[in-house]
Amino acid sequence: MNELELHIEPADKAAAQRAQDKWNAVAKPLGSLGLLEDQVIKIAALTGSEQVDISKRCAAILCADNGVVAQGVSQSGPDVTTIVASCIAQGISSVCKMAEPIALDCIAYDFGMLKPSPEAGVCDKCIARGTGDISQGPAMTREQALAAITAGIDVVRELKDEGYQLIATGEMGIGNTTTSTAMACVFTGNAPKDLVGRGAGLSDEGLSRKLRAIEEAIAVNQPHADDTIDVLAKLGGFDIAGMCGMFLGGALYRVPVIIDGVVSAVAAYCAARISPACTITMLPSHVSSEPAASILLERMGLTPPINAGMHLGEGTGAACLVPLLDMALALYHGSTFEDYGMDAYKETGKK
(Lines give C-alpha, C1' and ligand atoms only; values in the text may rest on other atoms or scores of the structure.)
Protein backbone atom coordinates (compact mmCIF):
# COMPACT_ATOMS: atom_id res chain seq x y z
CA MET A 1 0.00 0.00 0.00
CA ASN A 2 1.28 3.50 -0.83
CA GLU A 3 -0.15 6.88 -1.67
CA LEU A 4 2.23 7.76 -4.51
CA GLU A 5 0.76 7.74 -8.00
CA LEU A 6 3.60 7.68 -10.51
CA HIS A 7 3.55 7.07 -14.23
CA ILE A 8 6.97 5.88 -15.33
CA GLU A 9 7.52 5.20 -19.01
CA PRO A 10 9.34 1.95 -19.82
CA ALA A 11 12.89 1.83 -21.10
CA ASP A 12 13.36 2.73 -24.77
CA LYS A 13 14.22 -0.63 -26.35
CA ALA A 14 15.00 0.94 -29.71
CA ALA A 15 17.55 3.29 -28.15
CA ALA A 16 19.04 0.35 -26.25
CA GLN A 17 19.44 -1.57 -29.50
CA ARG A 18 21.08 1.41 -31.19
CA ALA A 19 23.51 1.65 -28.29
CA GLN A 20 24.24 -2.07 -28.57
CA ASP A 21 24.86 -1.69 -32.30
CA LYS A 22 27.20 1.22 -31.58
CA TRP A 23 29.14 -0.88 -29.09
CA ASN A 24 29.33 -3.71 -31.62
CA ALA A 25 30.91 -1.33 -34.14
CA VAL A 26 33.67 -0.26 -31.73
CA ALA A 27 37.04 -1.80 -32.62
CA LYS A 28 37.35 -4.28 -29.77
CA PRO A 29 36.11 -7.76 -28.85
CA LEU A 30 32.35 -7.85 -28.45
CA GLY A 31 31.12 -7.24 -24.92
CA SER A 32 34.67 -6.92 -23.63
CA LEU A 33 33.90 -4.06 -21.22
CA GLY A 34 31.23 -6.19 -19.57
CA LEU A 35 29.14 -4.37 -17.00
CA LEU A 36 30.33 -0.95 -18.20
CA GLU A 37 28.88 -1.63 -21.64
CA ASP A 38 25.62 -2.68 -20.00
CA GLN A 39 25.47 0.55 -18.02
CA VAL A 40 26.02 2.71 -21.10
CA ILE A 41 23.21 0.84 -22.85
CA LYS A 42 21.01 1.31 -19.80
CA ILE A 43 21.58 5.07 -19.88
CA ALA A 44 20.68 5.12 -23.58
CA ALA A 45 17.49 3.20 -22.90
CA LEU A 46 16.55 5.60 -20.11
CA THR A 47 17.24 8.82 -22.01
CA GLY A 48 16.06 7.59 -25.40
CA SER A 49 19.33 8.45 -27.15
CA GLU A 50 22.36 6.34 -28.01
CA GLN A 51 24.47 9.53 -27.97
CA VAL A 52 25.19 9.10 -24.28
CA ASP A 53 26.58 12.19 -22.58
CA ILE A 54 27.26 12.47 -18.83
CA SER A 55 29.63 15.43 -18.96
CA LYS A 56 27.53 17.51 -16.54
CA ARG A 57 27.09 15.47 -13.37
CA CYS A 58 26.75 15.85 -9.64
CA ALA A 59 26.59 14.04 -6.34
CA ALA A 60 23.52 14.88 -4.26
CA ILE A 61 24.31 14.17 -0.61
CA LEU A 62 21.24 14.01 1.63
CA CYS A 63 21.96 14.86 5.27
CA ALA A 64 19.73 13.90 8.19
CA ASP A 65 19.99 12.82 11.81
CA ASN A 66 18.64 9.69 13.45
CA GLY A 67 17.31 9.48 17.00
CA VAL A 68 18.66 5.94 17.44
CA VAL A 69 22.12 7.46 17.93
CA ALA A 70 21.06 7.84 21.58
CA GLN A 71 21.54 4.06 21.90
CA GLY A 72 25.29 4.24 21.27
CA VAL A 73 25.10 2.68 17.81
CA SER A 74 27.81 4.91 16.28
CA GLN A 75 31.23 6.31 17.10
CA SER A 76 30.08 9.88 16.54
CA GLY A 77 27.27 12.12 17.69
CA PRO A 78 24.76 14.03 15.55
CA ASP A 79 26.95 17.16 15.55
CA VAL A 80 29.15 15.38 13.01
CA THR A 81 26.28 15.30 10.50
CA THR A 82 26.13 19.09 10.50
CA ILE A 83 29.92 19.45 10.42
CA VAL A 84 30.28 17.20 7.37
CA ALA A 85 27.33 18.83 5.59
CA SER A 86 29.08 22.16 6.06
CA CYS A 87 32.34 20.69 4.74
CA ILE A 88 30.53 19.44 1.64
CA ALA A 89 29.17 22.94 1.04
CA GLN A 90 32.71 24.30 1.42
CA GLY A 91 34.09 21.69 -0.98
CA ILE A 92 36.49 20.13 1.53
CA SER A 93 34.79 16.85 2.54
CA SER A 94 35.90 13.37 1.44
CA VAL A 95 33.50 13.15 -1.48
CA CYS A 96 34.43 16.66 -2.62
CA LYS A 97 38.12 15.77 -2.74
CA MET A 98 37.40 12.59 -4.68
CA ALA A 99 35.11 14.53 -7.02
CA GLU A 100 37.65 17.19 -7.98
CA PRO A 101 39.54 15.18 -10.63
CA ILE A 102 36.33 13.92 -12.25
CA ALA A 103 34.39 17.21 -12.50
CA LEU A 104 31.62 15.96 -10.22
CA ASP A 105 29.73 18.76 -8.50
CA CYS A 106 28.86 17.98 -4.87
CA ILE A 107 25.66 19.38 -3.38
CA ALA A 108 24.57 18.92 0.24
CA TYR A 109 20.88 18.83 1.15
CA ASP A 110 19.48 19.20 4.66
CA PHE A 111 16.66 16.64 4.80
CA GLY A 112 16.44 16.63 8.58
CA MET A 113 19.57 17.50 10.53
CA LEU A 114 19.15 18.22 14.23
CA LYS A 115 21.18 21.39 13.81
CA PRO A 116 21.05 23.27 10.49
CA SER A 117 24.33 24.14 8.84
CA PRO A 118 25.43 27.78 8.84
CA GLU A 119 26.76 27.32 5.30
CA ALA A 120 24.60 28.93 2.63
CA GLY A 121 25.52 26.15 0.19
CA VAL A 122 23.51 23.50 2.07
CA CYS A 123 20.14 23.29 0.32
CA ASP A 124 17.13 23.29 2.62
CA LYS A 125 14.77 20.33 2.17
CA CYS A 126 14.28 19.77 5.89
CA ILE A 127 11.30 17.62 6.87
CA ALA A 128 11.94 17.83 10.64
CA ARG A 129 14.89 18.28 12.98
CA GLY A 130 15.90 14.62 13.17
CA THR A 131 13.86 11.43 13.49
CA GLY A 132 12.62 9.58 16.53
CA ASP A 133 14.64 6.81 18.19
CA ILE A 134 13.51 3.68 16.33
CA SER A 135 14.33 1.48 19.31
CA GLN A 136 11.62 3.32 21.26
CA GLY A 137 9.03 4.05 18.54
CA PRO A 138 8.61 5.13 14.94
CA ALA A 139 11.23 7.25 13.20
CA MET A 140 8.61 9.52 11.61
CA THR A 141 4.99 9.74 10.62
CA ARG A 142 3.74 8.27 7.39
CA GLU A 143 3.07 11.81 6.18
CA GLN A 144 6.66 12.81 6.86
CA ALA A 145 7.95 9.78 4.96
CA LEU A 146 5.84 10.71 1.94
CA ALA A 147 6.96 14.34 2.20
CA ALA A 148 10.61 13.26 2.17
CA ILE A 149 10.06 11.01 -0.84
CA THR A 150 8.37 13.87 -2.69
CA ALA A 151 11.25 16.19 -1.78
CA GLY A 152 13.69 13.65 -3.23
CA ILE A 153 11.72 13.52 -6.47
CA ASP A 154 11.87 17.33 -6.54
CA VAL A 155 15.66 17.26 -6.13
CA VAL A 156 15.99 15.30 -9.38
CA ARG A 157 13.62 17.60 -11.22
CA GLU A 158 15.56 20.65 -10.05
CA LEU A 159 18.91 19.12 -10.98
CA LYS A 160 17.66 18.17 -14.42
CA ASP A 161 16.44 21.73 -14.91
CA GLU A 162 20.00 22.83 -14.12
CA GLY A 163 21.27 20.58 -16.92
CA TYR A 164 22.65 17.65 -14.93
CA GLN A 165 22.80 14.41 -16.93
CA LEU A 166 23.93 12.03 -14.18
CA ILE A 167 23.33 12.05 -10.41
CA ALA A 168 25.30 10.12 -7.82
CA THR A 169 23.47 9.54 -4.55
CA GLY A 170 25.15 10.09 -1.21
CA GLU A 171 24.18 10.53 2.41
CA MET A 172 25.48 11.93 5.65
CA GLY A 173 23.65 10.90 8.78
CA ILE A 174 25.18 9.43 11.91
CA GLY A 175 23.33 6.21 12.76
CA ASN A 176 21.96 5.54 9.28
CA THR A 177 23.52 2.11 8.84
CA THR A 178 21.40 1.14 11.85
CA THR A 179 18.18 2.43 10.29
CA SER A 180 18.95 1.01 6.86
CA THR A 181 19.89 -2.40 8.26
CA ALA A 182 16.70 -2.53 10.30
CA MET A 183 14.71 -1.90 7.12
CA ALA A 184 16.72 -4.50 5.20
CA CYS A 185 15.95 -7.11 7.86
CA VAL A 186 12.23 -6.54 7.44
CA PHE A 187 12.38 -6.54 3.64
CA THR A 188 14.53 -9.68 3.35
CA GLY A 189 13.38 -11.65 6.37
CA ASN A 190 16.97 -12.00 7.60
CA ALA A 191 17.74 -11.87 11.30
CA PRO A 192 19.51 -8.68 12.42
CA LYS A 193 22.58 -10.70 13.50
CA ASP A 194 23.03 -11.78 9.88
CA LEU A 195 22.93 -8.29 8.39
CA VAL A 196 24.33 -5.93 11.00
CA GLY A 197 27.73 -4.44 10.13
CA ARG A 198 30.23 -2.14 11.78
CA GLY A 199 29.24 0.96 9.84
CA ALA A 200 32.03 3.53 10.09
CA GLY A 201 34.06 1.28 12.40
CA LEU A 202 32.25 0.18 15.55
CA SER A 203 33.95 -1.73 18.36
CA ASP A 204 32.58 -5.11 19.42
CA GLU A 205 30.64 -3.40 22.20
CA GLY A 206 29.24 -0.84 19.80
CA LEU A 207 28.25 -3.59 17.39
CA SER A 208 26.34 -5.33 20.19
CA ARG A 209 24.47 -2.11 20.99
CA LYS A 210 23.65 -1.65 17.31
CA LEU A 211 22.33 -5.20 17.04
CA ARG A 212 20.21 -4.76 20.16
CA ALA A 213 18.79 -1.45 18.89
CA ILE A 214 17.77 -3.04 15.59
CA GLU A 215 16.12 -5.99 17.32
CA GLU A 216 14.25 -3.65 19.66
CA ALA A 217 13.20 -1.38 16.80
CA ILE A 218 11.60 -4.23 14.90
CA ALA A 219 9.93 -5.62 18.03
CA VAL A 220 8.59 -2.25 19.19
CA ASN A 221 7.36 -0.95 15.84
CA GLN A 222 6.03 -4.17 14.28
CA PRO A 223 6.41 -2.83 10.72
CA HIS A 224 4.26 -4.35 7.98
CA ALA A 225 6.74 -5.94 5.57
CA ASP A 226 4.35 -5.64 2.61
CA ASP A 227 3.86 -1.89 3.14
CA THR A 228 7.03 -0.09 2.04
CA ILE A 229 6.01 3.30 3.41
CA ASP A 230 5.16 1.76 6.78
CA VAL A 231 8.61 0.15 7.05
CA LEU A 232 10.28 3.40 5.98
CA ALA A 233 8.29 5.54 8.42
CA LYS A 234 8.83 3.23 11.38
CA LEU A 235 12.47 2.24 10.88
CA GLY A 236 14.03 4.58 8.35
CA GLY A 237 15.40 8.09 8.11
CA PHE A 238 14.78 11.23 6.12
CA ASP A 239 17.93 10.57 4.08
CA ILE A 240 16.66 7.11 3.06
CA ALA A 241 13.21 8.46 2.19
CA GLY A 242 14.73 11.32 0.19
CA MET A 243 16.99 8.99 -1.79
CA CYS A 244 14.02 6.71 -2.43
CA GLY A 245 12.40 9.73 -4.04
CA MET A 246 15.53 10.42 -6.05
CA PHE A 247 15.40 6.98 -7.67
CA LEU A 248 11.72 7.49 -8.46
CA GLY A 249 12.54 10.96 -9.79
CA GLY A 250 15.36 9.62 -11.95
CA ALA A 251 12.92 7.30 -13.69
CA LEU A 252 10.27 10.01 -14.01
CA TYR A 253 12.63 12.66 -15.39
CA ARG A 254 14.92 10.25 -17.29
CA VAL A 255 18.14 11.02 -15.46
CA PRO A 256 20.42 8.10 -14.48
CA VAL A 257 20.98 7.86 -10.72
CA ILE A 258 23.92 5.98 -9.17
CA ILE A 259 23.41 3.77 -6.12
CA ASP A 260 26.10 4.21 -3.47
CA GLY A 261 26.39 1.95 -0.40
CA VAL A 262 23.97 0.17 1.91
CA VAL A 263 21.88 3.23 2.83
CA SER A 264 21.45 4.10 -0.84
CA ALA A 265 20.75 0.45 -1.71
CA VAL A 266 17.94 0.31 0.87
CA ALA A 267 16.50 3.51 -0.59
CA ALA A 268 16.70 2.06 -4.10
CA TYR A 269 14.98 -1.11 -2.90
CA CYS A 270 12.19 0.97 -1.38
CA ALA A 271 11.75 2.79 -4.68
CA ALA A 272 11.64 -0.48 -6.60
CA ARG A 273 8.95 -1.80 -4.25
CA ILE A 274 6.90 1.36 -4.73
CA SER A 275 7.33 1.32 -8.51
CA PRO A 276 9.22 -1.64 -10.02
CA ALA A 277 9.64 0.29 -13.28
CA CYS A 278 12.01 2.75 -11.62
CA THR A 279 14.94 0.31 -11.76
CA ILE A 280 15.52 1.63 -15.30
CA THR A 281 17.30 4.63 -13.76
CA MET A 282 19.51 2.74 -11.28
CA LEU A 283 23.24 2.33 -11.86
CA PRO A 284 24.90 0.22 -9.13
CA SER A 285 28.42 1.35 -8.27
CA HIS A 286 30.09 -0.84 -5.67
CA VAL A 287 29.61 -3.73 -3.26
CA SER A 288 29.48 -2.14 0.18
CA SER A 289 31.14 -3.98 3.05
CA GLU A 290 27.79 -3.79 4.88
CA PRO A 291 26.15 -7.25 4.44
CA ALA A 292 22.67 -6.03 3.46
CA ALA A 293 23.83 -4.08 0.40
CA SER A 294 24.76 -7.02 -1.82
CA ILE A 295 21.58 -8.91 -0.90
CA LEU A 296 19.33 -6.02 -1.91
CA LEU A 297 21.22 -5.32 -5.14
CA GLU A 298 20.97 -8.98 -6.11
CA ARG A 299 17.23 -8.96 -5.44
CA MET A 300 16.89 -6.02 -7.83
CA GLY A 301 18.98 -7.80 -10.47
CA LEU A 302 21.75 -5.18 -10.25
CA THR A 303 25.44 -6.07 -10.40
CA PRO A 304 27.94 -3.39 -9.34
CA PRO A 305 31.28 -3.29 -11.18
CA ILE A 306 33.38 -2.26 -8.15
CA ASN A 307 34.21 -4.55 -5.23
CA ALA A 308 36.67 -2.70 -3.04
CA GLY A 309 35.37 -3.16 0.50
CA MET A 310 34.35 0.49 0.75
CA HIS A 311 32.19 1.96 3.53
CA LEU A 312 33.06 5.66 3.71
CA GLY A 313 29.69 7.18 2.87
CA GLU A 314 28.97 10.65 1.45
CA GLY A 315 28.51 9.12 -2.01
CA THR A 316 32.20 8.28 -2.38
CA GLY A 317 31.50 4.80 -3.74
CA ALA A 318 29.04 6.19 -6.27
CA ALA A 319 31.63 8.76 -7.31
CA CYS A 320 34.08 5.96 -8.13
CA LEU A 321 31.79 4.74 -10.91
CA VAL A 322 31.95 8.06 -12.79
CA PRO A 323 35.51 7.80 -14.16
CA LEU A 324 34.85 4.20 -15.20
CA LEU A 325 31.85 5.40 -17.21
CA ASP A 326 33.97 8.21 -18.67
CA MET A 327 36.55 5.72 -19.87
CA ALA A 328 33.89 3.42 -21.27
CA LEU A 329 32.26 6.33 -23.11
CA ALA A 330 35.61 7.46 -24.54
CA LEU A 331 35.78 4.06 -26.21
CA TYR A 332 32.06 3.97 -27.03
CA HIS A 333 32.40 7.23 -28.97
CA GLY A 334 35.82 6.23 -30.33
CA SER A 335 37.31 4.25 -33.19
CA THR A 336 35.26 1.70 -35.11
CA PHE A 337 36.27 -1.37 -37.07
CA GLU A 338 35.75 0.71 -40.20
CA ASP A 339 38.26 3.28 -38.90
CA TYR A 340 40.74 0.45 -38.36
CA GLY A 341 40.13 -0.90 -41.85
CA MET A 342 39.30 -4.36 -40.55
CA ASP A 343 36.30 -6.64 -40.46
CA ALA A 344 34.04 -6.40 -37.44
CA TYR A 345 33.97 -9.21 -34.91
CA LYS A 346 31.01 -11.55 -35.14
CA GLU A 347 28.83 -12.80 -32.33
CA THR A 348 29.94 -16.36 -31.53
CA GLY A 349 28.00 -17.04 -28.31
CA LYS A 350 26.60 -15.49 -25.20
CA LYS A 351 28.69 -13.10 -23.16
# chains A, B, ... in the order shown; residues from 1 in each chain; ligands from 1
call {"tool": "residues_around", "arguments": {"residues": "range 188-197 of chain A", "least_positions_apart": "6", "cutoff": "7 Å", "atoms": "only C-alpha atoms", "output": "list of chain:residue names"}}
result
A:Thr181, A:Leu211, A:Ile214, A:Glu215, A:Glu290, A:Pro291, A:Ala292
call {"tool": "closest_atom_pairs", "arguments": {"of": "range 99-175 of chain A", "to": "range 45-68 of chain A", "cutoff": "7 Å", "atoms": "only C-alpha atoms", "output": "JSON lines"}}
result
{"residue": "A:Leu104", "atom": "CA", "partner": "A:Cys58", "partner_atom": "CA", "distance": 4.9}
{"residue": "A:Asp105", "atom": "CA", "partner": "A:Cys58", "partner_atom": "CA", "distance": 4.3}
{"residue": "A:Cys106", "atom": "CA", "partner": "A:Ala59", "partner_atom": "CA", "distance": 4.8}
{"residue": "A:Ile107", "atom": "CA", "partner": "A:Ala60", "partner_atom": "CA", "distance": 5.1}
{"residue": "A:Ala108", "atom": "CA", "partner": "A:Ile61", "partner_atom": "CA", "distance": 4.8}
{"residue": "A:Tyr109", "atom": "CA", "partner": "A:Leu62", "partner_atom": "CA", "distance": 4.9}
{"residue": "A:Asp110", "atom": "CA", "partner": "A:Cys63", "partner_atom": "CA", "distance": 5.0}
{"residue": "A:Phe111", "atom": "CA", "partner": "A:Ala64", "partner_atom": "CA", "distance": 5.3}
{"residue": "A:Gly112", "atom": "CA", "partner": "A:Ala64", "partner_atom": "CA", "distance": 4.3}
{"residue": "A:Met113", "atom": "CA", "partner": "A:Ala64", "partner_atom": "CA", "distance": 4.3}
{"residue": "A:Leu114", "atom": "CA", "partner": "A:Asp65", "partner_atom": "CA", "distance": 6.0}
{"residue": "A:Gly130", "atom": "CA", "partner": "A:Asp65", "partner_atom": "CA", "distance": 4.7}
{"residue": "A:Thr131", "atom": "CA", "partner": "A:Asn66", "partner_atom": "CA", "distance": 5.1}
{"residue": "A:Gly132", "atom": "CA", "partner": "A:Gly67", "partner_atom": "CA", "distance": 4.7}
{"residue": "A:Asp133", "atom": "CA", "partner": "A:Gly67", "partner_atom": "CA", "distance": 4.0}
{"residue": "A:Ile134", "atom": "CA", "partner": "A:Val68", "partner_atom": "CA", "distance": 5.7}
{"residue": "A:Ser135", "atom": "CA", "partner": "A:Val68", "partner_atom": "CA", "distance": 6.5}
{"residue": "A:Gly163", "atom": "CA", "partner": "A:Lys56", "partner_atom": "CA", "distance": 7.0}
{"residue": "A:Tyr164", "atom": "CA", "partner": "A:Lys56", "partner_atom": "CA", "distance": 5.1}
{"residue": "A:Gln165", "atom": "CA", "partner": "A:Ile54", "partner_atom": "CA", "distance": 5.2}
{"residue": "A:Leu166", "atom": "CA", "partner": "A:Arg57", "partner_atom": "CA", "distance": 4.7}
{"residue": "A:Ile167", "atom": "CA", "partner": "A:Cys58", "partner_atom": "CA", "distance": 5.2}
{"residue": "A:Ala168", "atom": "CA", "partner": "A:Ala59", "partner_atom": "CA", "distance": 4.4}
{"residue": "A:Thr169", "atom": "CA", "partner": "A:Ala60", "partner_atom": "CA", "distance": 5.3}
{"residue": "A:Gly170", "atom": "CA", "partner": "A:Ile61", "partner_atom": "CA", "distance": 4.2}
{"residue": "A:Glu171", "atom": "CA", "partner": "A:Leu62", "partner_atom": "CA", "distance": 4.6}
{"residue": "A:Met172", "atom": "CA", "partner": "A:Cys63", "partner_atom": "CA", "distance": 4.6}
{"residue": "A:Gly173", "atom": "CA", "partner": "A:Ala64", "partner_atom": "CA", "distance": 5.0}
{"residue": "A:Ile174", "atom": "CA", "partner": "A:Asp65", "partner_atom": "CA", "distance": 6.2}
{"residue": "A:Gly175", "atom": "CA", "partner": "A:Asn66", "partner_atom": "CA", "distance": 5.9}
call {"tool": "closest_residue", "arguments": {"among": "A:Ala219, A:Ala16, A:Leu4, A:Val73", "to": "Ala147 in chain A", "atoms": "only C-alpha atoms"}}
result
A:Leu4
call {"tool": "atom_distance", "arguments": {"atom1": "CA of Tyr332 in chain A", "atom2": "CA of His286 in chain A"}}
result
22.0 Å
call {"tool": "atom_distance", "arguments": {"atom1": "CA of Asp79 in chain A", "atom2": "CA of Pro116 in chain A"}}
result
9.9 Å
call {"tool": "residues_around", "arguments": {"residues": "Ile83 in chain A", "least_positions_apart": "5", "cutoff": "10 Å", "atoms": "only C-alpha atoms", "output": "number ranges by chain"}}
result
A: 78, 88, 93, 115-119, 172
call {"tool": "select_by_dssp", "arguments": {"residues": "range 56-185 of chain A", "states": "strand (DSSP E)", "output": "PyMOL selection string"}}
result
chain A and resi 57-64+104-112+123-124+166-172
call {"tool": "closest_residue", "arguments": {"among": "A:Val255, A:Ala225, A:Cys320, A:Ala14", "to": "Glu158 in chain A", "atoms": "only C-alpha atoms"}}
result
A:Val255
call {"tool": "atom_distance", "arguments": {"atom1": "CA of Glu3 in chain A", "atom2": "CA of Ala145 in chain A"}}
result
10.9 Å
